[in-house]
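Quick look at target-v3.tsv (TSV, C-alpha atoms and all ligand atoms):
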```
chain	number	residue	atom	x	y	z
A	859	MET	CA	-90.85	88.27	-51.90
A	860	LEU	CA	-89.10	89.00	-55.19
A	861	LYS	CA	-85.36	88.49	-55.15
A	862	PRO	CA	-83.49	90.75	-57.58
A	863	ASN	CA	-80.48	89.57	-59.53
A	864	LEU	CA	-77.95	89.91	-56.74
A	865	ASN	CA	-75.08	89.66	-59.23
A	866	TYR	CA	-75.62	93.36	-59.97
A	867	GLY	CA	-74.14	93.97	-56.53
A	868	ASN	CA	-70.86	92.51	-57.83
A	869	LEU	CA	-70.49	95.10	-60.60
A	870	LYS	CA	-67.62	97.47	-60.05
A	871	ASP	CA	-68.64	101.11	-60.35
A	872	SER	CA	-67.40	102.42	-63.65
A	873	TYR	CA	-65.71	105.67	-62.78
A	874	LEU	CA	-63.96	106.12	-66.10
A	875	PHE	CA	-66.28	108.32	-68.15
A	876	TYR	CA	-67.95	109.72	-65.03
A	877	ASN	CA	-64.57	110.89	-63.71
A	878	ILE	CA	-63.56	112.28	-67.09
A	879	SER	CA	-66.72	114.40	-67.34
A	880	GLY	CA	-66.31	115.52	-63.72
A	881	LYS	CA	-62.75	116.67	-64.32
A	882	ILE	CA	-63.72	118.42	-67.57
A	883	ALA	CA	-66.62	120.23	-65.88
A	884	ALA	CA	-64.39	121.36	-63.00
A	885	TYR	CA	-61.72	122.59	-65.42
A	886	LEU	CA	-64.23	124.53	-67.54
A	887	THR	CA	-65.78	126.14	-64.47
A	888	GLU	CA	-62.35	127.51	-63.57
A	889	HIS	CA	-61.36	128.32	-67.16
A	890	PRO	CA	-64.63	129.11	-68.97
A	891	SER	CA	-63.00	130.62	-72.05
A	892	GLN	CA	-60.75	127.63	-72.80
A	893	LYS	CA	-61.59	125.37	-75.73
A	894	LEU	CA	-60.91	121.70	-75.12
A	895	LEU	CA	-59.55	119.42	-77.84
A	896	ARG	CA	-61.31	116.12	-77.29
A	897	LEU	CA	-59.46	112.96	-78.24
A	898	GLY	CA	-61.42	110.88	-75.77
A	899	ILE	CA	-64.56	110.26	-77.75
A	900	GLY	CA	-65.48	106.78	-78.95
A	901	ASP	CA	-68.35	108.14	-81.05
A	902	VAL	CA	-68.07	109.04	-84.72
A	903	SER	CA	-68.34	112.66	-85.86
A	904	LEU	CA	-68.96	112.38	-89.62
A	905	PRO	CA	-72.55	112.07	-90.88
A	906	LEU	CA	-73.99	109.09	-92.74
A	907	CYS	CA	-72.89	108.92	-96.36
A	908	GLU	CA	-75.11	110.06	-99.23
A	909	THR	CA	-76.01	106.61	-100.54
A	910	VAL	CA	-77.18	105.52	-97.08
A	911	ILE	CA	-79.23	108.71	-96.62
A	912	ASN	CA	-80.90	108.18	-100.03
A	913	SER	CA	-81.71	104.60	-99.10
A	914	LEU	CA	-83.15	105.69	-95.73
A	915	HIS	CA	-85.37	108.21	-97.55
A	916	GLU	CA	-86.49	105.50	-99.92
A	917	GLY	CA	-87.36	103.32	-96.93
A	918	VAL	CA	-89.46	106.13	-95.43
A	919	ASP	CA	-91.28	106.57	-98.74
A	920	HIS	CA	-92.01	102.83	-98.89
A	921	GLN	CA	-93.70	103.06	-95.50
A	922	ALA	CA	-96.07	105.73	-96.86
A	923	VAL	CA	-97.58	103.53	-99.58
A	924	LYS	CA	-99.81	100.50	-99.07
A	925	GLU	CA	-98.08	98.42	-101.77
A	926	THR	CA	-94.56	98.91	-100.35
A	927	PHE	CA	-95.39	99.27	-96.66
A	928	HIS	CA	-93.65	96.87	-94.23
A	929	GLY	CA	-95.04	95.86	-90.88
A	930	TYR	CA	-93.08	93.53	-88.60
A	931	MET	CA	-89.79	92.52	-90.12
A	932	PRO	CA	-88.44	88.96	-89.83
A	933	GLU	CA	-86.81	88.62	-86.39
A	934	THR	CA	-83.54	87.39	-87.87
A	935	GLY	CA	-83.28	90.25	-90.40
A	936	ALA	CA	-84.66	91.44	-93.74
A	937	PRO	CA	-83.85	88.92	-96.50
A	938	PHE	CA	-82.32	91.66	-98.71
A	939	LEU	CA	-79.91	92.70	-95.93
A	940	ARG	CA	-78.95	89.16	-94.86
A	941	GLU	CA	-78.21	88.39	-98.50
A	942	ALA	CA	-76.12	91.58	-98.93
A	943	ILE	CA	-74.08	90.69	-95.84
A	944	ARG	CA	-73.59	87.10	-97.01
A	945	ALA	CA	-72.44	88.38	-100.39
A	946	GLN	CA	-69.87	90.67	-98.75
A	947	TYR	CA	-68.39	87.72	-96.83
A	948	CYS	CA	-68.29	85.65	-100.01
A	949	SER	CA	-66.62	88.46	-101.97
A	950	ARG	CA	-63.84	88.29	-99.39
A	951	GLY	CA	-63.45	84.55	-99.82
A	952	VAL	CA	-65.35	83.62	-96.63
A	953	ASP	CA	-68.10	81.10	-97.22
A	954	VAL	CA	-71.05	82.20	-95.07
A	955	GLN	CA	-74.60	80.99	-95.68
A	956	TYR	CA	-77.64	83.24	-95.77
A	957	ASP	CA	-79.21	81.73	-92.65
A	958	GLU	CA	-75.97	82.00	-90.69
A	959	VAL	CA	-76.36	85.82	-90.82
A	960	PHE	CA	-78.53	87.57	-88.21
A	961	VAL	CA	-79.30	91.29	-88.40
A	962	SER	CA	-79.07	93.12	-85.07
A	963	SER	CA	-79.57	96.62	-83.75
A	964	GLY	CA	-75.89	96.92	-82.87
A	965	ALA	CA	-72.97	95.06	-81.37
A	966	SER	CA	-73.57	96.22	-77.81
A	967	ASP	CA	-77.09	94.79	-77.71
A	968	GLU	CA	-75.86	91.59	-79.31
A	969	LEU	CA	-72.84	91.15	-77.02
A	970	GLY	CA	-75.21	91.23	-74.09
A	971	ASP	CA	-78.05	89.15	-75.58
A	972	ILE	CA	-75.86	86.40	-77.05
A	973	LEU	CA	-74.92	85.28	-73.53
A	974	ASP	CA	-78.39	83.70	-73.35
A	975	LEU	CA	-76.87	80.84	-75.34
A	976	PHE	CA	-74.51	79.86	-72.53
A	977	ASP	CA	-74.90	78.31	-69.11
A	978	ARG	CA	-74.22	80.55	-66.15
A	979	GLU	CA	-71.67	78.03	-64.88
A	980	ASN	CA	-69.46	78.80	-67.89
A	981	SER	CA	-66.39	80.96	-67.38
A	982	ALA	CA	-65.67	83.99	-69.56
A	983	LEU	CA	-62.14	84.89	-70.57
A	984	VAL	CA	-61.53	88.58	-71.19
A	985	MET	CA	-58.24	89.81	-72.61
A	986	GLU	CA	-57.41	93.09	-70.96
A	987	PRO	CA	-57.29	96.03	-71.47
A	988	ALA	CA	-60.82	95.47	-72.75
A	989	TYR	CA	-64.08	97.07	-73.80
A	990	PRO	CA	-65.80	97.22	-70.36
A	991	ALA	CA	-69.09	95.60	-71.47
A	992	TYR	CA	-67.46	92.15	-71.80
A	993	VAL	CA	-66.80	91.90	-68.08
A	994	ASP	CA	-69.96	93.64	-66.90
A	995	ALA	CA	-72.37	91.56	-69.00
A	996	ASN	CA	-70.92	88.37	-67.49
A	997	VAL	CA	-70.84	89.72	-63.95
A	998	MET	CA	-74.57	90.47	-64.31
A	999	ALA	CA	-75.10	86.82	-65.27
A	1000	GLY	CA	-73.00	85.61	-62.33
A	1001	ARG	CA	-70.26	84.07	-64.46
A	1002	LYS	CA	-66.69	83.59	-63.37
A	1003	ILE	CA	-64.40	86.00	-65.22
A	1004	ILE	CA	-60.89	85.00	-66.21
A	1005	HIS	CA	-58.88	88.19	-66.69
A	1006	LEU	CA	-56.06	87.63	-69.17
A	1007	PRO	CA	-53.72	90.61	-69.01
A	1008	SER	CA	-51.68	91.77	-71.99
A	1009	GLY	CA	-48.92	94.33	-72.31
A	1010	LYS	CA	-46.22	95.98	-74.35
A	1011	GLU	CA	-44.19	92.72	-74.36
A	1012	ASN	CA	-46.81	90.97	-76.55
A	1013	GLY	CA	-48.02	94.12	-78.33
A	1014	PHE	CA	-51.30	93.82	-76.37
A	1015	VAL	CA	-52.12	90.64	-78.32
A	1016	PRO	CA	-52.08	87.74	-75.84
A	1017	LEU	CA	-51.74	84.05	-76.71
A	1018	PRO	CA	-54.00	81.36	-75.24
A	1019	PRO	CA	-52.97	80.29	-71.74
A	1020	ASP	CA	-51.54	76.75	-71.34
A	1021	ASP	CA	-52.99	76.15	-67.91
A	1022	ILE	CA	-56.55	77.55	-68.05
A	1023	ALA	CA	-59.57	76.14	-69.90
A	1024	ALA	CA	-62.01	78.99	-70.50
A	1025	ASP	CA	-65.54	78.49	-71.89
A	1026	ILE	CA	-66.48	81.82	-73.47
A	1027	ILE	CA	-63.59	83.76	-75.02
A	1028	TYR	CA	-63.75	87.38	-76.14
A	1029	ILE	CA	-61.48	88.48	-78.95
A	1030	CYS	CA	-61.72	92.05	-80.22
A	1031	SER	CA	-59.73	92.76	-83.35
A	1032	PRO	CA	-58.99	95.58	-84.12
A	1033	ALA	CA	-59.22	96.11	-80.38
A	1034	ASN	CA	-60.81	98.82	-78.35
A	1035	PRO	CA	-58.96	100.40	-76.51
A	1036	THR	CA	-55.52	99.33	-77.77
A	1037	GLY	CA	-56.03	99.40	-81.55
A	1038	ALA	CA	-54.00	96.16	-81.65
A	1039	VAL	CA	-54.88	93.53	-84.27
A	1040	PHE	CA	-54.68	89.74	-84.19
A	1041	ASP	CA	-52.76	88.25	-87.11
A	1042	LYS	CA	-53.63	84.92	-88.74
A	1043	ALA	CA	-51.06	82.89	-86.78
A	1044	THR	CA	-52.32	84.17	-83.42
A	1045	LEU	CA	-55.97	83.65	-84.36
A	1046	LYS	CA	-55.12	80.08	-85.44
A	1047	LYS	CA	-53.77	79.43	-81.95
A	1048	TRP	CA	-56.97	80.75	-80.36
A	1049	VAL	CA	-59.14	78.68	-82.74
A	1050	SER	CA	-57.16	75.52	-81.92
A	1051	TYR	CA	-57.43	76.30	-78.21
A	1052	ALA	CA	-61.20	76.84	-78.46
A	1053	ASN	CA	-61.80	73.68	-80.50
A	1054	ALA	CA	-59.63	71.63	-78.12
A	1055	ASN	CA	-61.48	72.90	-75.03
A	1056	GLY	CA	-64.98	73.03	-76.50
A	1057	SER	CA	-65.02	76.80	-75.89
A	1058	VAL	CA	-66.80	79.43	-77.98
A	1059	ILE	CA	-65.00	82.56	-79.21
A	1060	LEU	CA	-67.07	85.73	-79.39
A	1061	PHE	CA	-65.20	87.65	-82.08
A	1062	ASP	CA	-65.98	91.37	-81.91
A	1063	ALA	CA	-65.24	92.81	-85.36
A	1064	ALA	CA	-66.75	96.26	-84.74
A	1065	TYR	CA	-63.65	97.95	-86.20
A	1066	GLU	CA	-62.86	95.58	-89.10
A	1067	ALA	CA	-63.34	98.30	-91.73
A	1068	PHE	CA	-60.29	100.13	-90.37
A	1069	ILE	CA	-57.90	97.28	-91.21
A	1070	GLU	CA	-55.50	98.30	-93.97
A	1071	ASP	CA	-52.81	95.64	-93.61
A	1072	PRO	CA	-53.77	92.94	-96.18
A	1073	GLU	CA	-52.37	90.19	-93.94
A	1074	ILE	CA	-54.74	90.94	-91.05
A	1075	PRO	CA	-58.03	88.97	-91.08
A	1076	HIS	CA	-61.27	90.99	-91.11
A	1077	SER	CA	-63.22	87.94	-89.96
A	1078	ILE	CA	-62.47	85.02	-87.63
A	1079	PHE	CA	-63.97	82.80	-90.34
A	1080	GLU	CA	-60.88	83.42	-92.47
A	1081	ILE	CA	-59.25	80.96	-90.06
A	1082	GLU	CA	-59.68	77.25	-90.74
A	1083	GLY	CA	-61.62	75.54	-87.96
A	1084	ALA	CA	-63.35	78.73	-86.76
A	1085	LYS	CA	-66.80	77.57	-87.87
A	1086	THR	CA	-66.88	74.97	-85.12
A	1087	CYS	CA	-65.88	77.39	-82.35
A	1088	ALA	CA	-66.75	81.02	-83.13
A	1089	ILE	CA	-69.51	83.59	-83.34
A	1090	GLU	CA	-68.74	86.90	-85.06
A	1091	ILE	CA	-70.38	90.12	-83.92
A	1092	CYS	CA	-70.22	93.12	-86.24
A	1093	SER	CA	-71.57	96.64	-86.25
A	1094	LEU	CA	-72.15	99.43	-88.74
A	1095	SER	CA	-71.53	101.98	-85.97
A	1096	LYS	CA	-67.90	102.74	-86.67
A	1097	THR	CA	-67.85	101.26	-90.18
A	1098	ALA	CA	-70.57	103.51	-91.52
A	1099	GLY	CA	-71.46	106.05	-88.82
A	1100	PHE	CA	-74.51	104.17	-87.48
A	1101	THR	CA	-73.87	104.87	-83.77
A	1102	GLY	CA	-77.12	106.82	-83.51
A	1103	THR	CA	-78.98	104.95	-86.27
A	1104	ARG	CA	-78.28	101.43	-84.86
A	1105	LEU	CA	-77.55	98.43	-87.02
A	1106	GLY	CA	-75.26	95.42	-86.80
A	1107	TYR	CA	-75.05	91.77	-87.69
A	1108	THR	CA	-73.93	88.50	-86.18
A	1109	VAL	CA	-72.73	85.33	-87.86
A	1110	ILE	CA	-73.37	81.99	-86.16
A	1111	PRO	CA	-72.22	79.03	-88.26
A	1112	LYS	CA	-74.44	75.96	-88.48
A	1113	ASP	CA	-71.38	73.86	-87.64
A	1114	LEU	CA	-71.23	75.41	-84.18
A	1115	VAL	CA	-72.67	72.68	-81.98
A	1116	ARG	CA	-72.25	72.07	-78.23
A	1117	SER	CA	-73.90	69.19	-76.29
A	1118	SER	CA	-75.63	68.20	-79.57
A	1119	MET	CA	-77.33	71.60	-79.70
A	1120	SER	CA	-76.95	73.91	-82.71
A	1121	LEU	CA	-76.15	77.42	-81.49
A	1122	ASN	CA	-77.50	78.76	-84.79
A	1123	SER	CA	-80.92	77.11	-84.19
A	1124	MET	CA	-80.88	78.24	-80.57
A	1125	TRP	CA	-80.30	81.83	-81.72
A	1126	VAL	CA	-83.20	81.63	-84.20
A	1127	ARG	CA	-85.37	80.51	-81.30
A	1128	ASN	CA	-83.98	83.29	-79.10
A	1129	ARG	CA	-84.57	86.04	-81.67
A	1130	THR	CA	-88.07	84.88	-82.56
A	1131	THR	CA	-88.91	84.97	-78.86
A	1132	LYS	CA	-87.14	88.12	-77.73
A	1133	THR	CA	-87.27	90.59	-80.63
A	1134	ASN	CA	-89.61	91.70	-83.37
A	1135	GLY	CA	-86.77	92.57	-85.70
A	1136	VAL	CA	-84.95	95.77	-86.63
A	1137	SER	CA	-86.86	98.64	-88.25
A	1138	TYR	CA	-87.40	98.26	-92.01
A	1139	ILE	CA	-86.23	101.83	-92.66
A	1140	ILE	CA	-82.92	101.29	-90.86
A	1141	GLN	CA	-82.29	97.97	-92.60
A	1142	LYS	CA	-83.08	99.61	-95.94
A	1143	GLY	CA	-80.58	102.38	-95.16
A	1144	GLY	CA	-77.99	99.87	-93.95
A	1145	SER	CA	-78.28	97.75	-97.08
A	1146	ALA	CA	-76.73	100.65	-99.03
A	1147	VAL	CA	-73.47	100.14	-97.10
A	1148	PHE	CA	-73.07	96.83	-98.94
A	1149	THR	CA	-73.38	98.34	-102.44
A	1150	GLU	CA	-70.29	99.32	-104.41
A	1151	ARG	CA	-71.07	103.04	-104.13
A	1152	GLY	CA	-71.90	102.74	-100.43
A	1153	ARG	CA	-68.64	100.94	-99.72
A	1154	GLU	CA	-66.68	103.66	-101.56
A	1155	GLU	CA	-68.41	106.40	-99.59
A	1156	ILE	CA	-67.91	104.82	-96.17
A	1157	MET	CA	-64.25	104.26	-97.00
A	1158	GLU	CA	-63.96	107.99	-97.81
A	1159	ASN	CA	-65.10	108.75	-94.26
A	1160	ILE	CA	-62.75	106.17	-92.77
A	1161	LYS	CA	-59.92	107.78	-94.76
A	1162	LYS	CA	-60.66	111.05	-92.96
A	1163	TYR	CA	-60.34	109.36	-89.55
A	1164	LYS	CA	-57.14	107.74	-90.76
A	1165	ALA	CA	-55.73	111.20	-91.61
A	1166	ASN	CA	-56.27	112.06	-87.92
A	1167	ALA	CA	-54.47	108.86	-86.92
A	1168	LYS	CA	-51.51	109.76	-89.13
A	1169	VAL	CA	-51.12	113.20	-87.55
A	1170	LEU	CA	-51.13	111.68	-84.07
A	1171	MET	CA	-48.81	108.80	-84.98
A	1172	ASP	CA	-46.33	111.25	-86.59
A	1173	ALA	CA	-46.39	113.33	-83.41
A	1174	LEU	CA	-45.70	110.31	-81.18
A	1175	ASP	CA	-42.99	109.05	-83.55
A	1176	SER	CA	-41.25	112.42	-83.42
A	1177	LEU	CA	-41.30	112.22	-79.61
A	1178	GLY	CA	-40.06	108.60	-79.55
A	1179	ILE	CA	-43.13	107.51	-77.55
A	1180	TRP	CA	-44.19	103.84	-77.77
A	1181	TYR	CA	-47.73	103.18	-79.01
A	1182	CYS	CA	-49.80	100.57	-80.80
A	1183	GLY	CA	-52.93	100.96	-82.93
A	1184	GLY	CA	-53.64	103.81	-85.31
A	1185	LYS	CA	-52.77	101.94	-88.51
A	1186	ASN	CA	-55.57	99.34	-88.52
A	1187	ALA	CA	-57.82	100.94	-85.92
A	1188	PRO	CA	-59.32	104.29	-84.94
A	1189	TYR	CA	-57.57	104.22	-81.55
A	1190	ILE	CA	-53.98	104.89	-80.59
A	1191	TRP	CA	-52.77	103.37	-77.33
A	1192	MET	CA	-49.72	105.25	-76.08
A	1193	GLU	CA	-47.38	104.75	-73.18
A	1194	CYS	CA	-47.55	107.68	-70.76
A	1195	PRO	CA	-44.27	109.59	-70.75
A	1196	GLU	CA	-41.96	109.87	-67.69
A	1197	SER	CA	-43.61	106.75	-66.15
A	1198	MET	CA	-46.70	108.81	-65.33
A	1199	ASP	CA	-49.79	106.87	-64.33
A	1200	SER	CA	-52.83	107.13	-66.61
A	1201	TRP	CA	-54.81	109.66	-64.54
A	1202	SER	CA	-51.76	111.88	-63.86
A	1203	PHE	CA	-51.18	112.05	-67.61
A	1204	PHE	CA	-54.86	112.86	-68.15
A	1205	ASP	CA	-54.62	115.77	-65.68
A	1206	PHE	CA	-51.30	116.90	-67.18
A	1207	LEU	CA	-52.71	117.11	-70.73
A	1208	LEU	CA	-55.95	118.75	-69.59
A	1209	ASN	CA	-54.29	121.40	-67.42
A	1210	LYS	CA	-51.28	122.17	-69.61
A	1211	ILE	CA	-52.65	121.99	-73.15
A	1212	GLN	CA	-56.43	121.44	-72.84
A	1213	VAL	CA	-56.30	118.06	-74.60
A	1214	VAL	CA	-58.64	115.33	-73.35
A	1215	GLY	CA	-57.95	111.61	-73.83
A	1216	THR	CA	-58.93	108.42	-71.99
A	1217	PRO	CA	-56.85	106.97	-69.13
A	1218	GLY	CA	-55.82	103.39	-69.95
A	1219	SER	CA	-56.33	102.19	-66.37
A	1220	GLY	CA	-60.09	102.46	-66.97
A	1221	PHE	CA	-59.94	99.40	-69.25
A	1222	GLY	CA	-58.36	96.99	-66.76
A	1223	GLU	CA	-55.44	97.02	-64.35
A	1224	CYS	CA	-52.85	96.27	-67.02
A	1225	GLY	CA	-53.91	99.49	-68.79
A	1226	GLU	CA	-52.22	101.51	-66.03
A	1227	GLY	CA	-49.48	103.74	-67.44
A	1228	TYR	CA	-51.19	103.92	-70.87
A	1229	PHE	CA	-53.53	106.38	-72.54
A	1230	ARG	CA	-56.07	106.06	-75.37
A	1231	LEU	CA	-56.30	108.67	-78.13
A	1232	SER	CA	-59.32	108.51	-80.41
A	1233	THR	CA	-59.19	109.59	-84.05
A	1234	PHE	CA	-62.93	110.22	-84.40
A	1235	GLY	CA	-62.72	114.02	-83.91
A	1236	SER	CA	-62.23	116.75	-86.50
A	1237	PHE	CA	-58.97	117.03	-88.43
A	1238	GLU	CA	-58.41	120.62	-87.28
A	1239	ASP	CA	-58.74	119.73	-83.58
A	1240	THR	CA	-56.66	116.57	-83.94
A	1241	LYS	CA	-53.86	118.46	-85.71
A	1242	GLU	CA	-53.91	121.21	-83.11
A	1243	ALA	CA	-53.85	118.61	-80.32
A	1244	ALA	CA	-50.92	116.78	-81.93
A	1245	GLU	CA	-48.95	120.04	-82.20
A	1246	ARG	CA	-49.64	120.89	-78.58
A	1247	ILE	CA	-48.60	117.39	-77.45
A	1248	VAL	CA	-45.29	117.73	-79.33
A	1249	ARG	CA	-44.58	121.22	-77.88
A	1250	LEU	CA	-45.39	119.97	-74.36
A	1251	LEU	CA	-43.42	116.74	-74.40
A	1252	LYS	CA	-40.42	117.75	-76.55
A	1253	LYS	CA	-37.26	117.48	-74.44
B	1	LIG	N1	-67.58	96.52	-79.52
B	1	LIG	C1	-66.60	97.41	-79.34
B	1	LIG	C2	-65.22	96.91	-79.20
B	1	LIG	C3	-66.88	98.77	-79.26
B	1	LIG	O1	-65.89	99.63	-79.06
B	1	LIG	C4	-68.20	99.21	-79.40
B	1	LIG	C5	-68.56	100.62	-79.30
B	1	LIG	O2	-67.77	101.49	-79.03
B	1	LIG	C6	-69.19	98.25	-79.57
B	1	LIG	C7	-68.86	96.92	-79.63
B	1	LIG	C8	-70.63	98.64	-79.65
B	1	LIG	O3	-71.02	98.97	-80.90
B	1	LIG	P1	-72.55	99.31	-81.26
B	1	LIG	O4	-72.62	100.79	-81.46
B	1	LIG	O5	-72.81	98.55	-82.51
B	1	LIG	O6	-73.40	98.87	-80.14
```
Let me see whether you can do it: turn the structure in this file into C-alpha cells.
Amino acid sequence: MLKPNLNYGNLKDSYLFYNISGKIAAYLTEHPSQKLLRLGIGDVSLPLCETVINSLHEGVDHQAVKETFHGYMPETGAPFLREAIRAQYCSRGVDVQYDEVFVSSGASDELGDILDLFDRENSALVMEPAYPAYVDANVMAGRKIIHLPSGKENGFVPLPPDDIAADIIYICSPANPTGAVFDKATLKKWVSYANANGSVILFDAAYEAFIEDPEIPHSIFEIEGAKTCAIEICSLSKTAGFTGTRLGYTVIPKDLVRSSMSLNSMWVRNRTTKTNGVSYIIQKGGSAVFTERGREEIMENIKKYKANAKVLMDALDSLGIWYCGGKNAPYIWMECPESMDSWSFFDFLLNKIQVVGTPGSGFGECGEGYFRLSTFGSFEDTKEAAERIVRLLKK
C-alpha cells in the first residue's frame, strides 16, 4: 500500500492569512459600508512597465511567425536572458558567468525545488521572523529545523551562532517581514561560518531592488568567499511587478562543491529532468527589465512604493514608535504600542480605524509584539492610513 509523505503531518497549520481574511470578512459583515485601508498585502499593485509590455507583445508576435517561433526553451533559461542577467551582475562589479545563471519561474518555486540538491539528513537554519516557506519546505522534506530568533536588540539581523553547526542556511536581505538588511560585515561573518562548517547559504534577494543605502550589498557574491558557500535566489516579482507574470533567476557558482559534487552541475541535471523551461514570451518580456530603459521604468515604480514607505515612517517617527525596514525594503516592521500583542494590535487597528496590517507573531514566535506594514498599496490609502494611525496613537 502506498505510504504518503508523512512529514506533511508535521506542518503547522498556517493561520496567519486565513485568520486575517476571517477577521476582515466578519468586520465587513457587521460594517458593510466601511472601506478598509489594506497595509497587509505582500503583492504589488502597479502594472508592468511600458518597456516590459512592449517586449511581451513582441514575444507574442514572434510566436505567430514560423521564422521567429520558439518551441521548448532551454531548461536552464533563454541564452539572451541568462546573458542579460550576467551582464547586470558584472555591471555591479560581481563576476558571474553565463552558465552560473539559471532562469526560473519565480523565487517561491525555486526555494522549494532547490532543496533537491541536499540530503534529507541536513539541518536547515531559519532566522526568524521569517518568510514561512523556508520552514514549511524543509518540514515537508523531513529536515531538522534550527530556529534562530532575532529581535530589536540586534535590529532583527542575527549573527551566526557559536555553538550550532547548521547545513542549509537561509538569509533574506532585505528581509520579509522585517525589512531589515544585512550589511557587509555581518554577511562576511555568515560566509566565514558557512565555509568553516561546509554549509550552504540560500540567499533570498527577492527585494534587492529596494536597497538604497550604497553600503548594503545587493548580492551575497559581493562578499569574498561566497562563491564556495552560497546560492542566490532572485525574483522579478517585487523588482518589476512580475508576481502574476512569473519570472526569477538563481545563481549557483561553479566553485560551489560538496563531497566532490558540483552543485551547479547537479542543478543543470535537475532542471533538464524536472522542467521544460520558462515560457519564451515571459522571458522575452523579462529581458526588458535588464535594459537601461527597463531599469529606469521599474525604478520609477519602486520610487512610488518608497513614497508610501516615507509617509508611514514619518508617521511612526512622529509617534516615537520603534521600527525597522522601510528605507531599503517595502516592509516596515513596527513595535506594537502599549506592549500590545500582535493580534490585539491587529484588532485595535481594524476596529478603531479600519486599517489592516499583518501580525508579526505569524512569522515566528519572536515576531510577537510586532506588526508588519506593507508599502505596496496606493499612495492615497497609505497616506490616509498613516494619518489615522497618528490620530489614534497620539498621546
Ligand atoms: N522570497 C521572499 C522573501 C518573498 O517575500 C517572496 C514573496 O513574497 C518570495 C520569495 C516569492 O517570490 P516569487 O513571487 O518570485 O515566487
Requested in this report: Using only C-alpha atoms, find the one residue out of A:Gly1056, A:Gly935, A:Gly1227, A:Gly1178 that sits nearest to Ser1197 (chain A).
Outcome: A:Gly1227
Query raised in the report: With only C-alpha atoms as the basis for distance, which of A:Gly1143, A:Asn1128, A:Phe1203, A:Lys1162 is at the shortest distance from Val918 (chain A)?
Result: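 Selected residue with least distance to Val918 (chain A): A:Gly1143.
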Requested in this report: Kindly give the distance, in Å, that separates CA of Val1115 (chain A) and CA of Thr1086 (chain A), rounded to a single decimal.
Outcome: 7.0 Å
**Report entry** Counting all atoms listed in the file, the residue of A:Ala1244, A:Asp1071, A:Asn868, A:Gly1083 that sits nearest Lys1002 (chain A)
**Finding:**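 For Lys1002 (chain A), the nearest of the given residues is A:Asn868.
Residue nearest Trp1125 (chain A) within the list A:Ile1026, A:Ile972, A:Ile1160, A:Val984: A:Ile972 [criterion: smallest interatomic distance, all atoms listed in the file].
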Query raised in the report: What's the 10 Å shell around region 871-879 of chain A, counting all atoms listed in the file, without same-chain residues fewer than 6 positions away, as a ChimeraX atom specification?
Result: /A:885,898-899,990,994,1201,1204-1205,1214-1221
Query raised in the report: In terms of the shortest atom-to-atom distance over only C-alpha atoms, which of A:Glu986, A:Asp1020, A:Glu1193, A:Glu1245 is closest to Ile1003 (chain A)?
Result: A:Glu986
Query raised in the report: With distances taken over only C-alpha atoms, which of A:Ile1059, A:Ala1038, A:Leu939, A:Ile1089 is nearest to Tyr1181 (chain A)?
Result: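 The answer is A:Ala1038, which sits nearest to Tyr1181 (chain A).
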Query raised in the report: What is the distance between CA of Lys1132 (chain A) and CA of Asp971 (chain A), in Å to one decimal?
Result: 9.4 Å
Requested in this report: Could you tell me how far CA of Ala936 (chain A) lies from CA of Gln1141 (chain A), in Å and to one decimal?
Outcome: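 These two atoms are separated by 7.0 Å.
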Requested in this report: May I have the residues within 7 Å of region 976-978 of chain A as number ranges by chain, using all atoms listed in the file and disregarding those fewer than 3 positions away in the same chain?
Outcome: A: 973, 999-1001
Saved selection, atoms kept: C-alpha atoms, as an mmCIF file, in the frame of the given file:
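In the end it all went to out_13.cif:
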```
data_model
loop_
_atom_site.group_PDB
_atom_site.id
_atom_site.type_symbol
_atom_site.label_atom_id
_atom_site.label_comp_id
_atom_site.auth_asym_id
_atom_site.auth_seq_id
_atom_site.Cartn_x
_atom_site.Cartn_y
_atom_site.Cartn_z
ATOM 1 C CA LEU A 973 -74.920 85.280 -73.530
ATOM 2 C CA ALA A 999 -75.100 86.820 -65.270
ATOM 3 C CA GLY A 1000 -73.000 85.610 -62.330
ATOM 4 C CA ARG A 1001 -70.260 84.070 -64.460
#
```
